[in-house]
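Heads up, final_30.cif below (mmCIF, C-alpha atoms):
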```
data_run
loop_
_atom_site.label_atom_id
_atom_site.label_comp_id
_atom_site.auth_asym_id
_atom_site.auth_seq_id
_atom_site.Cartn_x
_atom_site.Cartn_y
_atom_site.Cartn_z
CA MET A 249 0.00 0.00 0.00
CA THR A 250 1.31 3.42 -0.92
CA PRO A 251 0.79 6.45 1.35
CA GLN A 252 -1.81 7.61 -1.19
CA ASP A 253 -3.72 4.37 -0.72
CA ILE A 254 -3.70 4.80 3.06
CA THR A 255 -4.86 8.41 2.59
CA LYS A 256 -7.78 7.21 0.51
CA LEU A 257 -8.73 4.70 3.17
CA ILE A 258 -8.61 7.35 5.90
CA VAL A 259 -10.71 9.77 3.85
CA ARG A 260 -13.26 7.06 3.06
CA THR A 261 -13.29 6.08 6.74
CA SER A 262 -14.10 9.70 7.60
CA MET A 263 -17.14 9.26 5.35
CA LYS A 264 -18.13 6.27 7.50
CA ASP A 265 -17.24 3.73 4.82
CA ARG A 266 -16.95 0.46 6.75
CA ALA A 267 -15.27 -1.48 3.95
CA ALA A 268 -12.52 1.14 3.85
CA PHE A 269 -12.22 0.97 7.64
CA ASP A 270 -11.85 -2.83 7.51
CA LEU A 271 -9.12 -2.54 4.91
CA LEU A 272 -7.39 0.22 6.85
CA TYR A 273 -7.36 -2.08 9.87
CA ARG A 274 -5.91 -4.96 7.83
CA GLN A 275 -3.18 -2.73 6.43
CA THR A 276 -2.12 -0.86 9.54
CA SER A 277 -3.10 -2.77 12.69
CA SER A 278 0.21 -4.67 12.91
CA LYS A 279 2.21 -1.47 12.99
CA LEU A 280 -0.13 0.15 15.51
CA PHE A 281 -0.14 -2.99 17.66
CA GLY A 282 3.67 -2.86 17.61
CA VAL A 283 3.45 0.72 18.90
CA CYS A 284 0.98 -0.14 21.69
CA LEU A 285 2.93 -3.20 22.77
CA ARG A 286 6.25 -1.35 22.90
CA VAL A 287 4.80 1.43 25.05
CA LEU A 288 2.56 -0.68 27.28
CA ASN A 289 4.71 -3.81 27.62
CA ASP A 290 1.66 -5.94 28.27
CA ARG A 291 -0.27 -7.90 25.65
CA ALA A 292 -3.74 -7.68 27.18
CA ASP A 293 -3.30 -3.97 27.79
CA ALA A 294 -2.00 -3.43 24.26
CA GLU A 295 -4.96 -5.32 22.77
CA GLU A 296 -7.37 -3.14 24.72
CA ALA A 297 -5.47 -0.03 23.65
CA LEU A 298 -5.53 -1.10 19.99
CA GLN A 299 -9.31 -1.41 20.16
CA GLU A 300 -9.60 2.09 21.57
CA VAL A 301 -7.16 3.41 18.97
CA PHE A 302 -9.28 2.14 16.09
CA VAL A 303 -12.45 3.47 17.71
CA LYS A 304 -10.69 6.85 17.74
CA ILE A 305 -9.59 6.46 14.13
CA TRP A 306 -13.20 5.76 13.11
CA THR A 307 -14.57 8.76 14.96
CA LYS A 308 -11.76 11.21 14.24
CA ALA A 309 -10.72 10.28 10.71
CA ASP A 310 -11.84 13.68 9.41
CA ARG A 311 -9.14 15.33 11.56
CA PHE A 312 -6.54 13.89 9.23
CA ALA A 313 -7.43 16.65 6.77
CA VAL A 314 -5.97 19.34 9.02
CA SER A 315 -2.73 17.51 9.86
CA ASP A 316 0.62 17.87 8.11
CA LEU A 317 1.53 14.29 8.94
CA SER A 318 1.84 11.51 6.40
CA PRO A 319 -1.07 9.08 6.73
CA ILE A 320 0.85 6.33 8.50
CA SER A 321 2.55 8.84 10.82
CA TRP A 322 -0.85 10.26 11.67
CA LEU A 323 -2.12 6.81 12.61
CA VAL A 324 1.05 6.05 14.60
CA ALA A 325 0.65 9.37 16.46
CA ILE A 326 -2.89 8.41 17.51
CA ALA A 327 -1.71 5.00 18.71
CA ARG A 328 1.38 6.36 20.50
CA ASN A 329 -0.46 9.16 22.25
CA HIS A 330 -3.23 6.84 23.30
CA ALA A 331 -0.83 4.21 24.63
CA ILE A 332 1.12 6.88 26.52
CA ASP A 333 -2.09 8.31 28.03
CA ARG A 334 -2.95 4.80 29.12
CA ILE A 335 0.39 4.09 30.72
CA ARG A 336 0.37 7.46 32.51
CA ALA A 337 -3.03 6.58 33.93
CA ARG A 338 -1.62 3.40 35.49
CA ARG A 339 -0.87 3.76 39.17
CA GLN A 340 2.71 2.68 38.91
CA ALA A 341 4.55 1.77 35.80
CA PRO A 342 5.71 -1.85 35.80
CA LEU A 343 9.34 -0.92 36.02
CA SER A 344 10.45 -4.46 36.71
CA ILE A 345 8.90 -5.74 33.49
CA ASP A 346 10.38 -2.85 31.59
CA GLU A 347 13.81 -3.60 32.93
CA ALA A 348 13.42 -7.30 32.21
CA LEU A 349 12.70 -6.47 28.59
CA GLU A 350 15.30 -3.75 28.41
CA VAL A 351 17.34 -3.94 25.27
CA ALA A 352 19.86 -1.53 23.92
CA ASP A 353 18.20 1.69 22.85
CA PRO A 354 17.75 1.48 19.14
CA GLY A 355 20.25 3.64 17.37
CA PRO A 356 19.57 5.04 13.93
CA GLY A 357 19.74 1.62 12.21
CA PRO A 358 21.10 1.14 8.70
CA GLU A 359 17.74 1.97 7.17
CA ALA A 360 17.55 5.25 9.05
CA ALA A 361 21.15 6.13 8.28
CA ALA A 362 20.47 5.59 4.60
CA VAL A 363 17.68 8.13 4.57
CA ALA A 364 19.20 10.52 7.09
CA GLY A 365 20.11 12.89 4.29
CA GLY A 366 16.49 13.44 3.31
CA GLU A 367 14.73 16.59 4.42
CA ALA A 368 12.02 14.68 6.24
CA GLU A 369 14.54 12.53 8.10
CA ARG A 370 16.49 15.42 9.52
CA ILE A 371 15.68 14.29 13.05
CA HIS A 372 18.26 11.50 12.81
CA GLY A 373 21.03 13.90 11.87
CA CYS A 374 20.02 16.34 14.59
CA LEU A 375 19.98 13.61 17.24
CA GLU A 376 23.53 12.75 16.19
CA GLU A 377 24.54 16.27 17.19
CA LEU A 378 23.41 15.69 20.78
CA GLU A 379 25.61 13.90 23.31
CA LYS A 380 25.13 10.16 23.06
CA ASP A 381 23.24 9.63 26.33
CA LYS A 382 20.95 12.59 25.66
CA ALA A 383 20.10 11.36 22.18
CA ALA A 384 19.41 7.94 23.68
CA ALA A 385 17.11 9.49 26.28
CA VAL A 386 15.13 11.31 23.58
CA ARG A 387 14.86 8.19 21.41
CA GLY A 388 13.95 6.03 24.39
CA ALA A 389 11.33 8.48 25.57
CA TYR A 390 9.79 8.61 22.11
CA LEU A 391 9.71 4.89 21.48
CA LYS A 392 8.79 3.66 24.95
CA GLY A 393 6.79 6.66 26.15
CA GLU A 394 8.88 6.96 29.30
CA SER A 395 7.88 9.69 31.75
CA TYR A 396 10.21 12.23 33.32
CA ASN A 397 9.90 10.17 36.52
CA GLU A 398 11.09 6.99 34.88
CA LEU A 399 13.90 8.75 33.02
CA ALA A 400 15.08 10.41 36.24
CA ASP A 401 15.07 7.06 38.05
CA ARG A 402 16.99 5.35 35.29
CA HIS A 403 19.60 8.07 35.00
CA GLY A 404 19.80 8.48 38.79
CA VAL A 405 19.16 12.25 38.79
CA PRO A 406 16.46 14.37 40.46
CA LEU A 407 13.26 14.95 38.48
CA ASN A 408 13.92 18.65 37.90
CA THR A 409 17.44 17.98 36.67
CA MET A 410 16.07 15.42 34.24
CA ARG A 411 13.51 17.86 32.95
CA THR A 412 16.04 20.66 32.53
CA TRP A 413 18.37 18.26 30.78
CA LEU A 414 15.78 17.01 28.35
CA ARG A 415 14.38 20.46 27.65
CA ARG A 416 17.86 21.69 26.75
CA SER A 417 18.16 18.77 24.35
CA LEU A 418 14.80 19.69 22.82
CA LEU A 419 15.89 23.31 22.37
CA LYS A 420 19.05 22.12 20.62
CA LEU A 421 17.02 19.81 18.44
CA ARG A 422 14.69 22.62 17.49
CA GLU A 423 17.60 24.86 16.63
CA CYS A 424 19.07 22.12 14.43
CA LEU A 425 15.72 21.25 12.80
CA GLU A 426 15.11 24.89 11.88
CA ARG A 427 18.58 25.39 10.48
CA MET B 129 9.72 25.01 36.19
CA THR B 130 13.22 26.35 36.24
CA LEU B 131 13.40 26.43 32.48
CA ALA B 132 11.04 29.36 32.27
CA GLN B 133 14.03 31.69 32.28
CA ASP B 134 15.73 29.69 29.56
CA ASN B 135 13.02 30.16 26.97
CA GLY B 136 11.70 33.55 27.92
CA GLN B 137 9.07 34.32 25.33
CA GLU B 138 5.70 32.56 25.18
CA ARG B 139 6.33 30.80 21.89
CA GLY B 140 9.40 29.06 23.27
CA GLY B 141 7.43 27.82 26.28
CA ASP B 142 4.57 26.51 24.16
CA ASP B 143 6.99 24.99 21.72
CA LEU B 144 8.74 23.04 24.49
CA VAL B 145 5.50 21.86 26.04
CA ALA B 146 4.41 20.68 22.58
CA ALA B 147 7.71 18.83 22.14
CA GLU B 148 7.41 17.25 25.60
CA TYR B 149 3.85 16.21 24.81
CA VAL B 150 4.88 14.58 21.55
CA LEU B 151 7.87 12.90 23.15
CA GLY B 152 5.52 11.56 25.81
CA VAL B 153 7.49 12.51 28.94
CA LEU B 154 4.85 14.65 30.65
CA PRO B 155 3.02 13.41 33.76
CA ALA B 156 -0.68 12.56 33.44
CA ASP B 157 -2.08 15.92 34.54
CA GLU B 158 0.17 17.98 32.24
CA ARG B 159 -0.64 15.62 29.37
CA ARG B 160 -4.33 16.20 29.97
CA GLN B 161 -3.81 19.97 29.93
CA ALA B 162 -1.82 19.78 26.70
CA SER B 163 -4.42 17.51 25.14
CA ALA B 164 -7.22 19.96 26.03
CA ARG B 165 -5.21 22.77 24.44
CA ILE B 166 -4.75 20.74 21.25
CA ASP B 167 -8.54 20.47 20.99
CA GLY B 168 -9.19 24.10 21.85
CA GLU B 169 -6.28 26.10 20.41
CA PRO B 170 -5.56 25.66 16.69
CA GLY B 171 -2.22 27.50 17.08
CA PHE B 172 -0.99 25.12 19.75
CA ALA B 173 -2.32 22.14 17.79
CA ARG B 174 -0.20 23.22 14.82
CA VAL B 175 2.96 23.41 16.95
CA VAL B 176 2.26 19.91 18.27
CA ASP B 177 1.67 18.71 14.71
CA GLN B 178 5.06 20.10 13.65
CA TRP B 179 6.84 18.19 16.41
CA GLU B 180 4.95 15.05 15.42
CA VAL B 181 6.28 15.59 11.89
CA HIS B 182 9.85 16.08 13.18
CA PHE B 183 9.85 12.97 15.34
CA ALA B 184 7.82 10.75 12.99
CA PRO B 185 10.86 9.11 11.32
CA LEU B 186 11.81 7.59 14.70
CA ALA B 187 8.63 5.50 14.54
CA ALA B 188 10.27 3.35 11.85
CA ALA B 189 11.86 1.49 14.79
CA TYR B 190 8.49 0.12 15.93
CA PRO B 191 8.15 -3.48 14.77
CA GLU B 192 4.99 -4.74 13.08
CA ILE B 193 3.33 -7.31 15.31
CA GLU B 194 0.17 -9.05 14.22
CA ALA B 195 -2.71 -8.34 16.58
CA PRO B 196 -4.85 -11.29 17.78
CA ALA B 197 -7.83 -12.10 15.57
CA SER B 198 -10.21 -11.20 18.39
CA VAL B 199 -9.37 -7.48 18.30
CA LYS B 200 -11.18 -6.42 15.11
CA PRO B 201 -14.53 -8.05 16.02
CA ALA B 202 -14.25 -6.36 19.42
CA ILE B 203 -13.75 -2.98 17.71
CA ASP B 204 -16.75 -3.59 15.46
CA ARG B 205 -18.87 -4.53 18.48
CA ARG B 206 -17.90 -1.30 20.20
CA LEU B 207 -18.59 0.85 17.17
CA PHE B 208 -21.50 -0.75 15.41
CA THR B 209 -23.60 -2.76 17.86
CA ALA B 210 -23.73 -0.49 20.90
CA THR B 211 -27.45 0.22 20.49
CA ALA B 212 -28.50 -3.31 19.61
CA THR B 213 -27.19 -4.99 22.77
CA SER B 214 -29.20 -3.31 25.49
CA PRO B 215 -32.82 -4.11 24.57
CA SER B 216 -32.06 -7.71 23.57
CA ALA B 217 -30.59 -8.42 26.99
CA GLN B 218 -33.91 -8.83 28.75
CA GLY B 219 -35.91 -10.06 25.80
CA SER B 220 -33.45 -12.54 24.34
CA ALA B 221 -34.69 -15.69 26.11
CA GLY B 222 -38.23 -14.99 25.02
CA LEU B 223 -37.11 -14.20 21.50
CA TRP B 224 -35.06 -17.34 21.04
CA ALA B 225 -37.95 -19.46 22.35
CA SER B 226 -40.57 -17.76 20.25
CA LEU B 227 -41.96 -19.86 17.46
CA ALA B 228 -43.30 -16.78 15.73
CA PHE B 229 -39.77 -15.35 15.62
CA TRP B 230 -38.39 -18.43 13.89
CA ARG B 231 -41.29 -18.53 11.45
CA GLY B 232 -40.71 -14.88 10.68
CA LEU B 233 -37.01 -15.45 10.23
CA ALA B 234 -37.62 -18.33 7.84
CA THR B 235 -40.01 -16.22 5.79
CA ALA B 236 -37.53 -13.36 5.70
CA ALA B 237 -34.75 -15.70 4.63
CA VAL B 238 -36.81 -17.11 1.78
CA ALA B 239 -37.74 -13.61 0.67
CA ALA B 240 -34.13 -12.49 0.80
CA LEU B 241 -33.01 -15.50 -1.20
CA ALA B 242 -35.68 -14.87 -3.81
CA LEU B 243 -34.54 -11.28 -4.14
CA TYR B 244 -30.91 -12.34 -4.32
CA VAL B 245 -31.67 -14.74 -7.15
CA ALA B 246 -34.02 -12.42 -9.00
CA VAL B 247 -32.15 -9.12 -8.81
CA PRO B 248 -29.62 -9.80 -11.58
CA TYR B 249 -32.53 -10.48 -13.95
CA ILE B 250 -34.62 -7.51 -12.92
CA ASN B 251 -31.69 -5.17 -12.79
CA PRO B 252 -28.79 -6.39 -14.91
CA PRO B 253 -25.46 -4.98 -13.72
CA VAL B 254 -24.18 -2.14 -15.81
CA GLU B 255 -20.75 -0.60 -15.94
CA MET B 256 -21.02 2.10 -13.33
CA PRO B 257 -18.40 4.77 -12.78
CA GLN B 258 -16.69 4.06 -9.47
CA GLU B 259 -15.06 7.42 -9.46
CA ARG B 260 -14.68 9.34 -6.26
CA ARG B 261 -13.23 12.75 -5.72
CA VAL B 262 -12.27 14.40 -2.48
CA ALA B 263 -11.65 17.95 -1.37
CA SER B 264 -10.51 19.52 1.83
CA LEU B 265 -12.27 22.85 2.24
CA ALA B 266 -10.57 25.57 4.28
CA ALA B 267 -9.64 29.24 3.95
CA ASP B 268 -7.21 31.67 5.51
CA GLY B 269 -8.70 33.68 8.32
CA SER B 270 -11.50 31.18 8.87
CA ASP B 271 -11.74 28.21 11.20
CA VAL B 272 -14.39 26.49 9.06
CA LYS B 273 -13.23 23.17 7.64
CA TYR B 274 -15.04 20.46 5.77
CA MET B 275 -13.89 17.25 4.15
CA VAL B 276 -15.86 16.52 1.00
CA MET B 277 -16.19 13.40 -1.06
CA TYR B 278 -18.11 13.26 -4.32
CA ASP B 279 -19.21 9.80 -5.31
CA ALA B 280 -20.04 9.62 -9.02
CA PHE B 281 -21.75 6.27 -8.45
CA THR B 282 -24.42 7.60 -6.10
CA GLY B 283 -24.32 11.19 -7.34
CA GLU B 284 -23.98 12.35 -3.76
CA VAL B 285 -21.65 14.70 -2.02
CA GLY B 286 -20.67 13.53 1.43
CA LEU B 287 -19.50 16.22 3.81
CA SER B 288 -17.73 15.78 7.06
CA HIS B 289 -17.79 18.82 9.31
CA VAL B 290 -14.31 19.20 10.83
CA ALA B 291 -14.40 22.59 12.50
CA GLY B 292 -16.08 26.00 12.64
CA GLU B 293 -19.61 27.05 13.57
CA ARG B 294 -22.15 28.89 11.43
CA GLY B 295 -23.57 31.03 14.27
CA ALA B 296 -27.16 32.06 14.98
CA ASP B 297 -29.38 33.03 12.02
CA LYS B 298 -26.74 31.87 9.56
CA ASP B 299 -26.32 28.93 7.23
CA PHE B 300 -23.44 27.47 5.28
CA GLU B 301 -24.14 27.16 1.56
CA LEU B 302 -22.13 24.94 -0.77
CA TRP B 303 -21.11 26.26 -4.20
CA MET B 304 -19.52 24.74 -7.25
CA ILE B 305 -17.19 26.93 -9.31
CA GLU B 306 -16.17 25.68 -12.68
CA GLY B 307 -13.57 27.61 -14.63
CA GLY B 308 -14.46 31.32 -14.89
CA ASN B 309 -18.21 30.73 -14.55
CA PRO B 310 -20.21 32.21 -11.69
CA PRO B 311 -20.72 29.91 -8.68
CA VAL B 312 -23.62 27.50 -8.84
CA SER B 313 -25.37 26.63 -5.58
CA LEU B 314 -25.40 22.99 -4.51
CA GLY B 315 -27.65 23.89 -1.60
CA VAL B 316 -27.55 24.83 2.06
CA ILE B 317 -25.40 22.43 4.09
CA PRO B 318 -27.54 20.86 6.82
CA ALA B 319 -26.03 21.05 10.31
CA GLY B 320 -24.34 17.87 11.50
CA ALA B 321 -21.06 16.02 11.64
CA THR B 322 -21.61 13.88 8.55
CA ILE B 323 -23.98 14.96 5.82
CA HIS B 324 -24.95 13.60 2.43
CA MET B 325 -26.29 15.96 -0.21
CA PRO B 326 -27.74 14.65 -3.48
CA ILE B 327 -26.47 16.45 -6.57
CA LYS B 328 -28.74 17.33 -9.49
CA GLN B 329 -28.13 15.30 -12.60
CA ASP B 330 -26.91 18.23 -14.74
CA MET B 331 -24.17 19.15 -12.27
CA ARG B 332 -22.74 15.69 -11.75
CA GLY B 333 -20.55 15.76 -14.83
CA LYS B 334 -18.88 18.97 -13.76
CA LEU B 335 -18.16 17.62 -10.28
CA ALA B 336 -16.80 14.41 -11.76
CA ALA B 337 -14.48 16.50 -13.95
CA GLY B 338 -13.10 18.21 -10.86
CA ALA B 339 -14.46 21.61 -9.91
CA VAL B 340 -13.73 24.00 -7.05
CA LEU B 341 -16.07 23.82 -4.10
CA ALA B 342 -16.66 26.71 -1.76
CA VAL B 343 -18.68 27.30 1.39
CA SER B 344 -20.13 30.76 2.04
CA LEU B 345 -21.83 32.15 5.11
CA GLU B 346 -25.41 33.10 4.24
CA PRO B 347 -28.63 34.11 6.00
CA THR B 348 -30.71 31.16 7.27
CA GLY B 349 -32.14 29.28 4.32
CA GLY B 350 -29.37 30.25 1.95
CA SER B 351 -28.47 33.11 -0.34
CA PRO B 352 -31.54 35.16 -1.35
CA THR B 353 -29.94 36.18 -4.67
CA GLY B 354 -28.73 32.88 -6.09
CA GLN B 355 -25.15 34.10 -5.78
CA PRO B 356 -22.97 34.08 -2.65
CA THR B 357 -23.74 37.13 -0.50
CA GLY B 358 -21.56 36.37 2.54
CA PRO B 359 -17.86 35.67 2.94
CA VAL B 360 -16.36 32.45 1.58
CA VAL B 361 -15.34 30.62 4.75
CA ALA B 362 -13.85 27.51 3.12
CA ALA B 363 -12.87 26.36 -0.36
CA GLY B 364 -10.89 23.65 -2.11
CA ASP B 365 -10.39 21.59 -5.30
CA LEU B 366 -12.07 18.29 -5.88
CA ARG B 367 -9.25 15.90 -6.56
CA ASP B 368 -8.96 12.38 -7.84
CA ILE B 369 -8.28 9.72 -5.27
#
```
Would you mind writing the file out in structure tokens?
Amino acid sequence: MTPQDITKLIVRTSMKDRAAFDLLYRQTSSKLFGVCLRVLNDRADAEEALQEVFVKIWTKADRFAVSDLSPISWLVAIARNHAIDRIRARRQAPLSIDEALEVADPGPGPEAAAVAGGEAERIHGCLEELEKDKAAAVRGAYLKGESYNELADRHGVPLNTMRTWLRRSLLKLRECLER
Amino acid sequence: MTLAQDNGQERGGDDLVAAEYVLGVLPADERRQASARIDGEPGFARVVDQWEVHFAPLAAAYPEIEAPASVKPAIDRRLFTATATSPSAQGSAGLWASLAFWRGLATAAVAALALYVAVPYINPPVEMPQERRVASLAADGSDVKYMVMYDAFTGEVGLSHVAGERGADKDFELWMIEGGNPPVSLGVIPAGATIHMPIKQDMRGKLAAGAVLAVSLEPTGGSPTGQPTGPVVAAGDLRDI
């Protein structure tokens, strides 16, 4: 499926076309389930989240028209934000599970490096300009939806220090992205 | 937070909050605040959208994992059967046991089968245009937005109301503009989130060929003159999809 095909399916879904919605689910649910599972770290929770994500997609498909995101990025943003809202609503994050599953923070793999030159992929290049641990914190936060609390715990610094630290990184990123 | 001094001006502060929201690091209450602002402040929503665009390439690292087969039926139940479940709860035992119900069902099934078999003869399938065109209607200085889809098969325009209110004693009217010709009214847009408007036969060809659509603000009931009298609050091209 090309991005144009996904766009068509989203537009038709906004017109309450159930066949388009079914096809959109078939084409994109694996990616969105991957997002939910990575953030929530719990299959049952991720399944529940995926249901809610597609309910949102059905009811809010018309919002796609006012977004600058590519269709798949728009869908991923809905799934990510929903999964993060869900994990923030949990009383305590299952840190032990997270640690058990901890793998090396994904660097900008070969695929990413190959496209890093492209205008749209500038984020990879800009992350390279940050110190290694700060870039890793930004990537980790994005992919796993970690909170300031969790980041502070993991890096062994007070919450405010963590926030200052990350905000400085974001300011640098912005400066690089606007260059 | 201590960083207030670091950013100084308002835009910097908003920009950082937007970035933190997109990154996902904010605690629950601050996320809720940001989320409410996204819904209520188009300017803030745009800043958030820009950060989503910046970070989007990172999402390539998410693996695709097939969801269990039970998820899609559960979604469909949530979306499409919400109203059907409640009344059947108390009446279901009686219904299943009712002979009349089964007789009725059998009759309905036979009738449906007869129709299924007969329809191709009554109404032989013809080559129908499957063409659909879409437009996103918006305008500078206006918060009115509609998504439009024209379906050449049904001859209907489907509109999805995205944003913007018409106000008291006002109506939105939909216009078709083709080349340098004066706008032709397609009618007053009924209020609602999703609307279907039938298009007169003589205008369908022009829509199918791709015209410009515009929405103007008119007195209740539509323009009294046959031409737009109020400001154009949204417009866009019908494009092939």
For CA of Met331 in chain B and CA of Pro356 in chain B, determine how far apart the two atoms are, in Å to one decimal place. 17.8 Å
What does the PyMOL selection byres ((chain A and resi 276) around 10) select in this file, as a list in words? Met249, Ile254, Leu271, Leu272, Tyr273, Arg274, Gln275, Ser277, Ser278, Lys279, Leu280, Phe281, Ile320, Leu323 and Val324 of chain A; Glu192 and Glu194 of chain B
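Taking CA of Gly269 in chain B and CA of Leu287 in chain B as the two end points, the separation is 21.0 Å.
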Evaluate the PyMOL selection byres ((chain B) within 7 of (chain A)) and report residues as a ChimeraX atom specification: /B:131,144,151-156,177,181-185,190-195,199,203,207,264,275,286,288,290,369
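Taking CA of Leu335 in chain B and CA of Leu366 in chain B as the two end points, the separation is 7.5 Å.
Those residues returned by the PyMOL selection byres ((chain B and resi 325) around 9) for this file are B:Gly283, B:Glu284, B:Val285, B:Gly286, B:Leu287, B:Leu314, B:Gly315, B:Ile317, B:Pro318, B:Ile323, B:His324, B:Pro326, B:Ile327.
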Which protein, DNA or RNA residues have an atom at most 6 Å from (-16.6, 15.2, -6.5), counting only C-alpha atoms? List them as a PDB file with C-alpha atoms, keeping the file's coordinate frame.
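Heads up, here's the output in result-v7.pdb:
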```pdb
ATOM      1  CA  ARG B 261     -13.230  12.750  -5.720  1.00  0.00           C
ATOM      2  CA  VAL B 262     -12.270  14.400  -2.480  1.00  0.00           C
ATOM      3  CA  MET B 277     -16.190  13.400  -1.060  1.00  0.00           C
ATOM      4  CA  TYR B 278     -18.110  13.260  -4.320  1.00  0.00           C
ATOM      5  CA  LEU B 335     -18.160  17.620 -10.280  1.00  0.00           C
ATOM      6  CA  ALA B 336     -16.800  14.410 -11.760  1.00  0.00           C
ATOM      7  CA  LEU B 366     -12.070  18.290  -5.880  1.00  0.00           C
TER       8      LEU B 366
END
```
